[in-house]
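Shown next, in structure tokens, is the structure this report addresses.
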Amino acid sequence: MGGSSSTEQTPPSPTLVEQWRTVSWGNNQEDLQYVRRYKPENSGIKHLRVLLYGPVGAGKSTFINSVKSILQGRPAIPAAASAITATRSFTKKYQTHKIKEGRGSSATVYPVVFNDIMGLEEGTNCGVHPEDIKLAMMGHVKEGHLFNPLAPLTEKDPDYNQTPSADDKIHVLVCLLSANASEIKESVLDKMNNVREMANDLGIPHIMIITKVDEACPETEKNLRNVYKSNYLKRKMKEFSSKVGITVNCIFPVKNYSHEIHLNEDVDTLILSVLKQIIDFGDDFIEQL
Ligand SMILES: Nc1nc2c(ncn2[C@@H]2O[C@H](COP(=O)(O)OP(=O)(O)OP(=O)(O)O)[C@@H](O)[C@H]2O)c(=O)[nH]1
Ligand SMILES: [Mg+2]
């Protein structure tokens with residue numbers, strides 16, 4: 001009678017024994033050089049332009065800042081970020097983020113630029129309008145445009161760029177979602193599907209970044225190298241893949257620099273690997289222009 005040990009079950013481990021995607025931890029130099037040396041092959045294009053979109057608070061602005069920190073080799077001034085609990089987008093303006101390399105008169109601008117956009121919000125008439133994301137992809141939205149959730153930009157608006165150059169157009173579209181979000185609201189998902197279809201029609205490569213892997217999984221918070229061992233994160237990537245229609249091999253988990261005062265090699269590894277993918281996809285697209 002006594003021992004109940006025969007009926008007790010060990011809880012399933014939250015982590016796999018082996019990582020399911022190969023990552024060369026502790027060896028960032030090769031990716032860093034690849035990313036640093038990149039120049040668009042197409043001579044008509046100065047910058048590879050990346051557009052980030054996703055729900056409010058997904059970490060779009062913080063991701064741009066994290067890339068900046070890695071390329072500059074020191075933490076950048078924190079991005080104007082939204083509060084963790086925000087339901088309204090902090091970013092309201094269409095803005096190109098250029099990253100300077102070096103200091104003073106010898107500084108150059110890194111040839112990959114990022115466009116930050118207002119977040120997608122629940123319900124109609126709030127957050128960025130999906131049609132505005134399409135116009136941005138086509139290069140029609142002028143720098144500094146303040147998004148109006150009630151109505152997308154029209155051709156008559158002074159912020160509408162009538163004659164976008166190849167440089168103004170988007171070359172890679174990146175969808176950001178938080179691994180810590182319980183579910184994507186139906187109305188946000190509808191807007192995301194709308195954006196995906198528009199990107200497909202335009203032939204623009206589309207990838208997904210899953211942020212906040214530290215907050216979402218205690219094993220990853222303890223050690224970022226568990227990111228591809230975490231059962232939770234693997235499930236989340238599959239769930240986001242089927243909901244948004246982006247294949248798992250185009251989905252990349254990251255932890256952004258959100259509160260750190262020093263850079264961390266493992267944080268850099270994940271961000272560099274997605275940056276490399278952005279460059280490869282974007283450059284393939286640019287070549288066809
Ligand atoms: N722990 C953790 N916090 C993060 C991460 N990424 C972003 N954050 C935090 O999440 C909050 C929202 O980040 P933002 O970069 O403002 O998100 P956003 O997508 O630009 O939001 P909107 O402009 O409002 O649409 C901020 O408090 C960030 O510090 C991450 O990977 N880990
Ligand atoms: Mg933002």
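In the structure tokens, chains take letters A, B, ... by order of appearance, with residues numbered from 1 within each chain and ligands from 1 in the order shown.
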
request  = Residues within 8 Å of ligand 1 should be enumerated using only C-alpha atoms and all ligand atoms and returned as a PyMOL selection string.
outcome  = chain A and resi 53-63+79-84+86-92+116-120+176+178+211-215+254-259

inquiry  = Residues near Ile170 (chain A), anyone? I mean within 6 Å using only C-alpha atoms, not counting same-chain ones fewer than 4 positions away, as a PyMOL selection string.
reply    = chain A and resi 49-50+137

Store the residues picked out above in a file with N, CA, C and O atoms, as a PDB file, in the first residue's frame.
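Final file, again-v3.pdb:
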```
ATOM      1  N   ARG A  49      15.549  48.622 -47.597  1.00  0.00           N
ATOM      2  CA  ARG A  49      14.551  49.190 -46.674  1.00  0.00           C
ATOM      3  C   ARG A  49      13.666  48.092 -46.076  1.00  0.00           C
ATOM      4  O   ARG A  49      13.068  47.303 -46.806  1.00  0.00           O
ATOM      5  N   VAL A  50      13.598  48.083 -44.740  1.00  0.00           N
ATOM      6  CA  VAL A  50      12.867  47.038 -44.016  1.00  0.00           C
ATOM      7  C   VAL A  50      11.678  47.688 -43.297  1.00  0.00           C
ATOM      8  O   VAL A  50      11.866  48.680 -42.591  1.00  0.00           O
ATOM      9  N   MET A 137       4.598  49.915 -48.244  1.00  0.00           N
ATOM     10  CA  MET A 137       5.372  48.898 -48.983  1.00  0.00           C
ATOM     11  C   MET A 137       5.697  49.392 -50.391  1.00  0.00           C
ATOM     12  O   MET A 137       6.744  49.122 -50.928  1.00  0.00           O
TER      13      MET A 137
END
```

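Nearest residue to Ala76 (chain A), choosing from A:Asn249, A:His262, A:Gly104, A:Ile45 and counting only C-alpha atoms: A:His262.
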
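Put simply, CA of Ile77 (chain A) is 10.1 Å away from CA of Ile261 (chain A).
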
Run DSSP on the backbone and tell me which residues of region 73-140 of chain A come out as strand (DSSP E); list them as a PDB file with N, CA, C and O atoms, in the first residue's frame.
```
ATOM      1  N   GLN A  95       8.528  56.719 -39.858  1.00  0.00           N
ATOM      2  CA  GLN A  95       9.879  57.242 -39.673  1.00  0.00           C
ATOM      3  C   GLN A  95      10.927  56.240 -40.137  1.00  0.00           C
ATOM      4  O   GLN A  95      10.819  55.046 -39.845  1.00  0.00           O
ATOM      5  N   THR A  96      11.919  56.751 -40.851  1.00  0.00           N
ATOM      6  CA  THR A  96      13.032  55.890 -41.265  1.00  0.00           C
ATOM      7  C   THR A  96      14.138  55.993 -40.236  1.00  0.00           C
ATOM      8  O   THR A  96      14.564  57.095 -39.886  1.00  0.00           O
ATOM      9  N   HIS A  97      14.571  54.844 -39.742  1.00  0.00           N
ATOM     10  CA  HIS A  97      15.675  54.830 -38.780  1.00  0.00           C
ATOM     11  C   HIS A  97      16.948  54.441 -39.511  1.00  0.00           C
ATOM     12  O   HIS A  97      17.038  53.341 -40.060  1.00  0.00           O
ATOM     13  N   LYS A 100      24.017  54.984 -37.792  1.00  0.00           N
ATOM     14  CA  LYS A 100      25.330  55.549 -38.100  1.00  0.00           C
ATOM     15  C   LYS A 100      26.411  54.605 -37.618  1.00  0.00           C
ATOM     16  O   LYS A 100      26.319  54.065 -36.512  1.00  0.00           O
ATOM     17  N   GLU A 101      27.433  54.426 -38.447  1.00  0.00           N
ATOM     18  CA  GLU A 101      28.585  53.642 -37.999  1.00  0.00           C
ATOM     19  C   GLU A 101      29.759  54.593 -37.891  1.00  0.00           C
ATOM     20  O   GLU A 101      29.972  55.435 -38.764  1.00  0.00           O
ATOM     21  N   THR A 108      29.518  56.833 -41.202  1.00  0.00           N
ATOM     22  CA  THR A 108      28.786  56.490 -42.420  1.00  0.00           C
ATOM     23  C   THR A 108      27.410  55.955 -42.012  1.00  0.00           C
ATOM     24  O   THR A 108      27.204  55.583 -40.863  1.00  0.00           O
ATOM     25  N   VAL A 109      26.510  55.901 -42.990  1.00  0.00           N
ATOM     26  CA  VAL A 109      25.177  55.377 -42.675  1.00  0.00           C
ATOM     27  C   VAL A 109      25.110  53.936 -43.147  1.00  0.00           C
ATOM     28  O   VAL A 109      25.446  53.629 -44.300  1.00  0.00           O
ATOM     29  N   VAL A 112      21.311  49.413 -44.469  1.00  0.00           N
ATOM     30  CA  VAL A 112      20.000  48.796 -44.213  1.00  0.00           C
ATOM     31  C   VAL A 112      19.246  49.788 -43.325  1.00  0.00           C
ATOM     32  O   VAL A 112      19.757  50.175 -42.272  1.00  0.00           O
ATOM     33  N   VAL A 113      18.075  50.228 -43.780  1.00  0.00           N
ATOM     34  CA  VAL A 113      17.309  51.183 -42.970  1.00  0.00           C
ATOM     35  C   VAL A 113      15.987  50.544 -42.554  1.00  0.00           C
ATOM     36  O   VAL A 113      15.467  49.659 -43.234  1.00  0.00           O
ATOM     37  N   PHE A 114      15.470  51.003 -41.424  1.00  0.00           N
ATOM     38  CA  PHE A 114      14.255  50.392 -40.863  1.00  0.00           C
ATOM     39  C   PHE A 114      13.147  51.422 -40.769  1.00  0.00           C
ATOM     40  O   PHE A 114      13.361  52.530 -40.282  1.00  0.00           O
ATOM     41  N   ASN A 115      11.977  51.037 -41.226  1.00  0.00           N
ATOM     42  CA  ASN A 115      10.828  51.920 -41.073  1.00  0.00           C
ATOM     43  C   ASN A 115       9.936  51.425 -39.951  1.00  0.00           C
ATOM     44  O   ASN A 115       9.474  50.287 -39.965  1.00  0.00           O
ATOM     45  N   ASP A 116       9.738  52.319 -38.995  1.00  0.00           N
ATOM     46  CA  ASP A 116       8.876  52.017 -37.864  1.00  0.00           C
ATOM     47  C   ASP A 116       7.489  52.562 -38.200  1.00  0.00           C
ATOM     48  O   ASP A 116       7.356  53.585 -38.864  1.00  0.00           O
TER      49      ASP A 116
END
```
